[in-house]
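J.: The structure under discussion is supplied below as structure tokens; questions concerning it will follow.
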4 protein chains.
Amino acid sequence: MLLQKLREEVLEANLEVVRRGLVLYTFGNASGVDREQGLVVIKPSGVDYDELRPEHMVVTDLNGKLVEGDLRPSSDLDTHTLLYREFPEIGAVVHTHSEYATSFAQAGLPIPAFGTTHADYFYGPVPVTEPLTDEAIGGRYVHETGLAIIARFKNTDEYIDPLAVPACLVAGHAPFVWGRTPHDAAHNAVVLEAVARMAYRTVSLKANADEVSQALLDRHYFRKHGANATYGQASPAGKR
Amino acid sequence: MLLQKLREEVLEANLEVVRRGLVLYTFGNASGVDREQGLVVIKPSGVDYDELRPEHMVVTDLNGKLVEGDLRPSSDLDTHTLLYREFPEIGAVVHTHSEYATSFAQAGLPIPAFGTTHADYFYGPVPVTEPLTDEAIGGRYVHETGLAIIARFKNTDEYIDPLAVPACLVAGHAPFVWGRTPHDAAHNAVVLEAVARMAYRTVSLKANADEVSQALLDRHYFRKHGANATYGQASPAGKR
Amino acid sequence: MLLQKLREEVLEANLEVVRRGLVLYTFGNASGVDREQGLVVIKPSGVDYDELRPEHMVVTDLNGKLVEGDLRPSSDLDTHTLLYREFPEIGAVVHTHSEYATSFAQAGLPIPAFGTTHADYFYGPVPVTEPLTDEAIGGRYVHETGLAIIARFKNTDEYIDPLAVPACLVAGHAPFVWGRTPHDAAHNAVVLEAVARMAYRTVSLKANADEVSQALLDRHYFRKHGANATYGQASPAGKR
Amino acid sequence: MLLQKLREEVLEANLEVVRRGLVLYTFGNASGVDREQGLVVIKPSGVDYDELRPEHMVVTDLNGKLVEGDLRPSSDLDTHTLLYREFPEIGAVVHTHSEYATSFAQAGLPIPAFGTTHADYFYGPVPVTEPLTDEAIGGRYVHETGLAIIARFKNTDEYIDPLAVPACLVAGHAPFVWGRTPHDAAHNAVVLEAVARMAYRTVSLKANADEVSQALLDRHYFRKHGANATYGQASPAGKR
């Protein structure tokens, strides 16, 4: 069986977002990529979490072509593979409908960087895509979802480094989150939801609350990513 | 004993909405119908969930006349039976006072279709009935509750297909939810509450938030109900 | 040992409000009264819930004079005994700082009767007292807390039947709830908090939401209290 | 091994804030001080709570110099030690990113004293610091965080007694809470979060809600701190 260790890590990422309350029924999926072999490991569609085993994970190539597995891959596969092709730095993708992040997505609003919890994980607001056009919805919908994310990050006016801001809200849909490893991507998804909860309450308390200063964003970003740090040497989970 | 399998399914639906936190004390009830025999199986009134067994379920005909059972049926029976008579496509009804859906009902507001979580289950806003008149409240109140739901769906100006939108909020009261099977109805009730939570937060974030486009509603509806799909072939629970 | 059965019921009421999440640390207390003997059984002060046993309950007379017990009674005793003296119909009192009901109390607002969940337990809005005067706060504070509740119910312009509306919010403090038995009082406290949660969200959704009609209040009240029903024949807990 | 008992108390305080849901992953830390020896015991950085043992606690002097321990101390150490140097009355410090208190911190708003739950623990609003300047953020950031707290309490115009109001919100960051013992500091942190939740809902219900009167603040403060009471004789946890 291919990629035994990655299967286990992807399974664990899927289970972590369930344990943390981000997933109702089966509304979520996590994947990981092996860059050397160019293979993606993703959760199958429609298997109960209780029964998920590493051998149920589906293996595809970077274009989503099935390589190994008896089950259908998650229906969001085409978004995952597009993110892997366009963001070569990332190693894993997690998608959930976690409720506060999804509420921002439904409102079409980014999650502002209101505090240090946010700044420790996201170097600026978590952006939201443009709504998908009717044409995109009627066409290769899942692929177009990925394109909307890519457009938001590679928009020439305001390029966003996908490892500096490892998440994007898809307007009217829900968040996609990523990281260097399945562990990091799941961790980022959990923190994103906490950050969304607090941002929701912050704007309820003060509609025009200030975001943190650039100095504070820099401070938190460069303790992890500055000249004296290897990018991602330690996982965010272990930083505090 | 009549209808053993349906009794078990109805019991399981009653327990599922409790497990998912939709029911405080005994504020809920689920039923199912056997269309061939014209019999309804419903939770009895006033039995603790811990002690509920399939044999406690009450069997009535479609007019609510007792056929089998030693216990009184749920006091909402007349709403259930009316829904079965008027919506021949449905196979089960679940009623809860789940808190966010009930809050929309208390505000007299429908739940707008703000995102794909909603669109996967409800092909448009979840409607709310007109408030019951004093005459209706003073008359056959439980039956009138059902009539208010029927009026909302069969209103000639804007007919709603009850399987496309398998839920209705009763103004000043709480949601009624249905489906093809007890499993589906309970599942829909759980998703309705999640969708209500997210809609609540969406309007808090942005009072005039846009609903999803017709194209997106269609996309999600027709993956389940289009020309290439048998209506309800797979339960919503297994779609992702 | 006096009043063994009432001690057990009072203990159980204290534990029920903890189990239902209404009590943080030791911020709550329940009591019951034996009308024949004129004795009150109340939770002691400062004993962990894990260690509470029936024999720890403190017995006083209706003026709060210690009759039996080695521990100090709850510091809210004087409010409980005043309610027993002024409301001869009630048999138990529960006090918690349950968070949503307390938020209404802190805002100095009653809990409007927005739906049937409310109407099944409270025949009209749950009232809030006037703020205590500085003199009252500086005097017999706990007794004055009870007087503020009594004033709200026996206010000649709008007399409220304490069994029809078995709860009051003390402004800037928290709810006091009662019932015919310790079981009912605890049950009413739990439902009050659920009703407060839903009222909070209802006004968030629609600031000027309508309360339910008098017809609906009557309908729900008189199924329990009308000519054909013995007042309190069945406990509210068993009505549905 | 130095300070065995204090290590156990500090460990227990760290675990209490986790058990009470104030800490996501490792976003929190507690410490205690031995005033006679001038030694601080603090949680190490980056050890899972499941594995924390008393011997993992790190011991430093009041300037943060390592005295005993193989692990790095919490990265917030310099805030803790500054608080110990400036507030000689306190014996323990707890820092969490508990979500409602953090939301007030992110909004740059104090937590108003809306009710008796608040007044039992905090003799007035829980203050919020000024935002840190870019210079402070770029300099000795963790130390500057402590300075901002000190400035808020020792501000000559409105001196605040740190044991009367044993918590401060750091703007754009999160709360720091303290007490005479690790147990009290953790307890205060838990109550602060409850008080923040209720204050959030109180202002949602009524934007201009009144704070409690000075008479009520005094009443609650002087039952614990008045002429007839030894300051802190009994821990707040045991007062009710």
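Letters A, B, ... go to the chains of the structure tokens in the order shown; residues in each chain start at 1; ligands are counted from 1 in the same order.
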Would you pick out the contacts of Ala174 of chain C at 8 Å or less, using only C-alpha atoms, so that residues sharing its chain but fewer than 5 positions from it are not included, and give the list as JSON, numbers by chain?

T.: {"C": [95, 96, 97, 98, 101, 102, 103, 105, 106, 169]}

J.: Write the residues you've just listed into a file as a PDB file, in the first residue's frame, and include N, CA and C atoms for each of them.

T.:
```
ATOM      1  N   HIS C  95     -32.223  29.241  43.232  1.00  0.00           N
ATOM      2  CA  HIS C  95     -31.515  30.451  42.821  1.00  0.00           C
ATOM      3  C   HIS C  95     -30.238  30.046  42.098  1.00  0.00           C
ATOM      4  N   THR C  96     -30.065  30.568  40.887  1.00  0.00           N
ATOM      5  CA  THR C  96     -28.803  30.332  40.175  1.00  0.00           C
ATOM      6  C   THR C  96     -28.358  31.651  39.554  1.00  0.00           C
ATOM      7  N   HIS C  97     -27.129  31.656  39.043  1.00  0.00           N
ATOM      8  CA  HIS C  97     -26.667  32.746  38.194  1.00  0.00           C
ATOM      9  C   HIS C  97     -26.589  32.238  36.751  1.00  0.00           C
ATOM     10  N   SER C  98     -27.580  31.486  36.327  1.00  0.00           N
ATOM     11  CA  SER C  98     -27.559  30.942  34.962  1.00  0.00           C
ATOM     12  C   SER C  98     -27.416  32.103  33.985  1.00  0.00           C
ATOM     13  N   ALA C 101     -30.353  34.139  31.679  1.00  0.00           N
ATOM     14  CA  ALA C 101     -31.328  34.796  32.558  1.00  0.00           C
ATOM     15  C   ALA C 101     -30.642  35.924  33.329  1.00  0.00           C
ATOM     16  N   THR C 102     -29.418  35.676  33.773  1.00  0.00           N
ATOM     17  CA  THR C 102     -28.672  36.705  34.499  1.00  0.00           C
ATOM     18  C   THR C 102     -28.361  37.898  33.595  1.00  0.00           C
ATOM     19  N   SER C 103     -28.132  37.654  32.330  1.00  0.00           N
ATOM     20  CA  SER C 103     -27.857  38.772  31.408  1.00  0.00           C
ATOM     21  C   SER C 103     -29.087  39.674  31.264  1.00  0.00           C
ATOM     22  N   ALA C 105     -31.285  40.017  33.646  1.00  0.00           N
ATOM     23  CA  ALA C 105     -31.332  40.686  34.950  1.00  0.00           C
ATOM     24  C   ALA C 105     -30.348  41.850  34.979  1.00  0.00           C
ATOM     25  N   GLN C 106     -29.154  41.629  34.426  1.00  0.00           N
ATOM     26  CA  GLN C 106     -28.139  42.683  34.413  1.00  0.00           C
ATOM     27  C   GLN C 106     -28.561  43.862  33.519  1.00  0.00           C
ATOM     28  N   LEU C 169     -36.556  37.896  37.879  1.00  0.00           N
ATOM     29  CA  LEU C 169     -35.169  38.334  37.757  1.00  0.00           C
ATOM     30  C   LEU C 169     -34.926  39.452  38.759  1.00  0.00           C
TER      31      LEU C 169
END
```

J.: Looking only at the backbone, which of the residues in segment 71-238 of chain B does DSSP tag as strand (DSSP E), as a ChimeraX atom specification?

T.: /B:92-96,167-169,175-179

J.: Could the residues in this selection be written to a file with C-alpha atoms, as a tab-separated table (two decimals), in the first residue's frame?

T.:
```tsv
chain	number	residue	atom	x	y	z
B	92	ALA	CA	-41.43	10.87	8.61
B	93	VAL	CA	-41.87	14.02	10.69
B	94	VAL	CA	-39.67	15.40	13.46
B	95	HIS	CA	-40.62	18.24	15.77
B	96	THR	CA	-38.20	19.87	18.19
B	167	ALA	CA	-38.88	21.98	7.02
B	168	CYS	CA	-41.12	24.80	8.17
B	169	LEU	CA	-40.97	27.14	11.12
B	175	PRO	CA	-39.71	23.94	13.59
B	176	PHE	CA	-41.35	20.92	12.03
B	177	VAL	CA	-39.03	18.91	9.79
B	178	TRP	CA	-39.65	15.93	7.59
B	179	GLY	CA	-38.07	13.53	5.14
```

J.: Kindly assemble as JSON lines a list of the chain C residues that lie within 9 Å of chain D, each paired with its nearest atom pair and their distance in Å to one decimal, using only C-alpha atoms, sorted first by chain and then by ascending residue number.

T.:
```
{"residue": "C:Leu24", "atom": "CA", "partner": "D:Val191", "partner_atom": "CA", "distance": 8.1}
{"residue": "C:Tyr25", "atom": "CA", "partner": "D:Ala237", "partner_atom": "CA", "distance": 7.6}
{"residue": "C:Thr26", "atom": "CA", "partner": "D:Arg240", "partner_atom": "CA", "distance": 6.5}
{"residue": "C:Phe27", "atom": "CA", "partner": "D:Arg240", "partner_atom": "CA", "distance": 6.9}
{"residue": "C:Gly28", "atom": "CA", "partner": "D:Arg240", "partner_atom": "CA", "distance": 8.5}
{"residue": "C:Ser45", "atom": "CA", "partner": "D:Arg240", "partner_atom": "CA", "distance": 5.7}
{"residue": "C:Gly46", "atom": "CA", "partner": "D:Gly238", "partner_atom": "CA", "distance": 5.4}
{"residue": "C:Val47", "atom": "CA", "partner": "D:Gly238", "partner_atom": "CA", "distance": 8.1}
{"residue": "C:Ser74", "atom": "CA", "partner": "D:Arg240", "partner_atom": "CA", "distance": 7.1}
{"residue": "C:Ser75", "atom": "CA", "partner": "D:Arg240", "partner_atom": "CA", "distance": 6.6}
{"residue": "C:Asp76", "atom": "CA", "partner": "D:Arg240", "partner_atom": "CA", "distance": 9.0}
{"residue": "C:His97", "atom": "CA", "partner": "D:Thr117", "partner_atom": "CA", "distance": 7.6}
{"residue": "C:Glu99", "atom": "CA", "partner": "D:Met198", "partner_atom": "CA", "distance": 6.0}
{"residue": "C:Tyr100", "atom": "CA", "partner": "D:Met198", "partner_atom": "CA", "distance": 7.1}
{"residue": "C:Thr102", "atom": "CA", "partner": "D:Met198", "partner_atom": "CA", "distance": 7.2}
{"residue": "C:Ser103", "atom": "CA", "partner": "D:Thr202", "partner_atom": "CA", "distance": 4.9}
{"residue": "C:Phe104", "atom": "CA", "partner": "D:Thr202", "partner_atom": "CA", "distance": 6.6}
{"residue": "C:Ala105", "atom": "CA", "partner": "D:Gly115", "partner_atom": "CA", "distance": 8.3}
{"residue": "C:Gln106", "atom": "CA", "partner": "D:Phe114", "partner_atom": "CA", "distance": 5.6}
{"residue": "C:Ala107", "atom": "CA", "partner": "D:Thr202", "partner_atom": "CA", "distance": 5.3}
{"residue": "C:Gly108", "atom": "CA", "partner": "D:Ala209", "partner_atom": "CA", "distance": 7.8}
{"residue": "C:Leu109", "atom": "CA", "partner": "D:Leu205", "partner_atom": "CA", "distance": 8.3}
{"residue": "C:Pro131", "atom": "CA", "partner": "D:Val212", "partner_atom": "CA", "distance": 8.9}
{"residue": "C:Leu132", "atom": "CA", "partner": "D:Leu216", "partner_atom": "CA", "distance": 8.8}
{"residue": "C:Thr133", "atom": "CA", "partner": "D:Ala215", "partner_atom": "CA", "distance": 8.6}
{"residue": "C:Asp134", "atom": "CA", "partner": "D:Ala215", "partner_atom": "CA", "distance": 5.6}
{"residue": "C:Glu135", "atom": "CA", "partner": "D:Ala215", "partner_atom": "CA", "distance": 8.5}
{"residue": "C:Ile137", "atom": "CA", "partner": "D:Leu216", "partner_atom": "CA", "distance": 6.2}
{"residue": "C:Gly138", "atom": "CA", "partner": "D:Arg219", "partner_atom": "CA", "distance": 6.9}
{"residue": "C:Tyr141", "atom": "CA", "partner": "D:Arg219", "partner_atom": "CA", "distance": 8.7}
{"residue": "C:Ala171", "atom": "CA", "partner": "D:Gly115", "partner_atom": "CA", "distance": 8.2}
{"residue": "C:Gly172", "atom": "CA", "partner": "D:Gly115", "partner_atom": "CA", "distance": 4.4}
{"residue": "C:His173", "atom": "CA", "partner": "D:Thr116", "partner_atom": "CA", "distance": 5.2}
{"residue": "C:Ala174", "atom": "CA", "partner": "D:Thr116", "partner_atom": "CA", "distance": 8.0}
{"residue": "C:Tyr200", "atom": "CA", "partner": "D:Leu205", "partner_atom": "CA", "distance": 7.1}
{"residue": "C:Val203", "atom": "CA", "partner": "D:Leu205", "partner_atom": "CA", "distance": 7.8}
{"residue": "C:Ser204", "atom": "CA", "partner": "D:Ser204", "partner_atom": "CA", "distance": 7.7}
```

J.: Using the selection just defined, write its residues with C-alpha atoms as a PDB file, in the first residue's frame.

T.:
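Saved as part_11.pdb:
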```pdb
ATOM      1  CA  LEU C  24     -20.491  27.691  37.993  1.00  0.00           C
ATOM      2  CA  TYR C  25     -18.577  26.548  41.070  1.00  0.00           C
ATOM      3  CA  THR C  26     -21.025  27.082  43.950  1.00  0.00           C
ATOM      4  CA  PHE C  27     -23.136  29.968  42.520  1.00  0.00           C
ATOM      5  CA  GLY C  28     -26.523  28.480  43.259  1.00  0.00           C
ATOM      6  CA  SER C  45     -22.943  27.299  52.166  1.00  0.00           C
ATOM      7  CA  GLY C  46     -19.568  26.400  50.719  1.00  0.00           C
ATOM      8  CA  VAL C  47     -19.735  22.624  50.375  1.00  0.00           C
ATOM      9  CA  SER C  74     -26.788  29.321  52.072  1.00  0.00           C
ATOM     10  CA  SER C  75     -26.155  33.051  52.401  1.00  0.00           C
ATOM     11  CA  ASP C  76     -29.348  33.640  50.370  1.00  0.00           C
ATOM     12  CA  HIS C  97     -26.667  32.746  38.194  1.00  0.00           C
ATOM     13  CA  GLU C  99     -25.980  33.070  32.319  1.00  0.00           C
ATOM     14  CA  TYR C 100     -28.702  34.144  29.909  1.00  0.00           C
ATOM     15  CA  THR C 102     -28.672  36.705  34.499  1.00  0.00           C
ATOM     16  CA  SER C 103     -27.857  38.772  31.408  1.00  0.00           C
ATOM     17  CA  PHE C 104     -31.476  39.896  31.215  1.00  0.00           C
ATOM     18  CA  ALA C 105     -31.332  40.686  34.950  1.00  0.00           C
ATOM     19  CA  GLN C 106     -28.139  42.683  34.413  1.00  0.00           C
ATOM     20  CA  ALA C 107     -29.762  44.610  31.571  1.00  0.00           C
ATOM     21  CA  GLY C 108     -32.754  45.281  33.841  1.00  0.00           C
ATOM     22  CA  LEU C 109     -35.084  43.716  31.272  1.00  0.00           C
ATOM     23  CA  PRO C 131     -32.856  48.022  41.268  1.00  0.00           C
ATOM     24  CA  LEU C 132     -32.287  47.916  45.010  1.00  0.00           C
ATOM     25  CA  THR C 133     -31.831  51.323  46.607  1.00  0.00           C
ATOM     26  CA  ASP C 134     -28.564  52.164  48.309  1.00  0.00           C
ATOM     27  CA  GLU C 135     -30.434  52.014  51.601  1.00  0.00           C
ATOM     28  CA  ILE C 137     -28.233  47.376  49.820  1.00  0.00           C
ATOM     29  CA  GLY C 138     -26.706  48.854  52.966  1.00  0.00           C
ATOM     30  CA  TYR C 141     -29.563  43.142  51.786  1.00  0.00           C
ATOM     31  CA  ALA C 171     -32.069  43.524  38.646  1.00  0.00           C
ATOM     32  CA  GLY C 172     -28.278  43.497  38.554  1.00  0.00           C
ATOM     33  CA  HIS C 173     -28.228  40.099  40.179  1.00  0.00           C
ATOM     34  CA  ALA C 174     -29.813  36.904  38.818  1.00  0.00           C
ATOM     35  CA  TYR C 200     -31.881  36.736  23.581  1.00  0.00           C
ATOM     36  CA  VAL C 203     -34.433  40.099  19.962  1.00  0.00           C
ATOM     37  CA  SER C 204     -31.054  39.901  18.223  1.00  0.00           C
TER      38      SER C 204
END
```

J.: For segment 145-156 of chain B, list every protein, DNA or RNA residue within 9 Å, evaluated using only C-alpha atoms, and leave out those in the same chain fewer than 3 positions away; present the list as a ChimeraX atom specification.

T.: /B:78-83,86-87,127-132,136-137,140-142,159-162,168-170,176

J.: Looking at only C-alpha atoms, which of D:Glu89, D:Leu192, D:Pro182, D:Leu62 is the one that sits closest to Pro125 of chain D?

T.: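 Checking each candidate against Pro125 of chain D, we get D:Leu192 as the closest.
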
J.: Which is closer to Asp184 of chain B than all the others in B:Leu22, B:Val17, B:Ala196, B:Ile42, using only C-alpha atoms?

T.: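 Under the stated criterion, the closest residue is B:Val17.
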
J.: If you run DSSP on the backbone here, which positions in segment 37-71 of chain D get helix (DSSP H, G or I)? Please write them as a list in words.

T.: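 Result set for segment 37-71 of chain D (helix (DSSP H, G or I)): Tyr49, Asp50, Glu51, Pro54, Glu55 and His56 of chain D.
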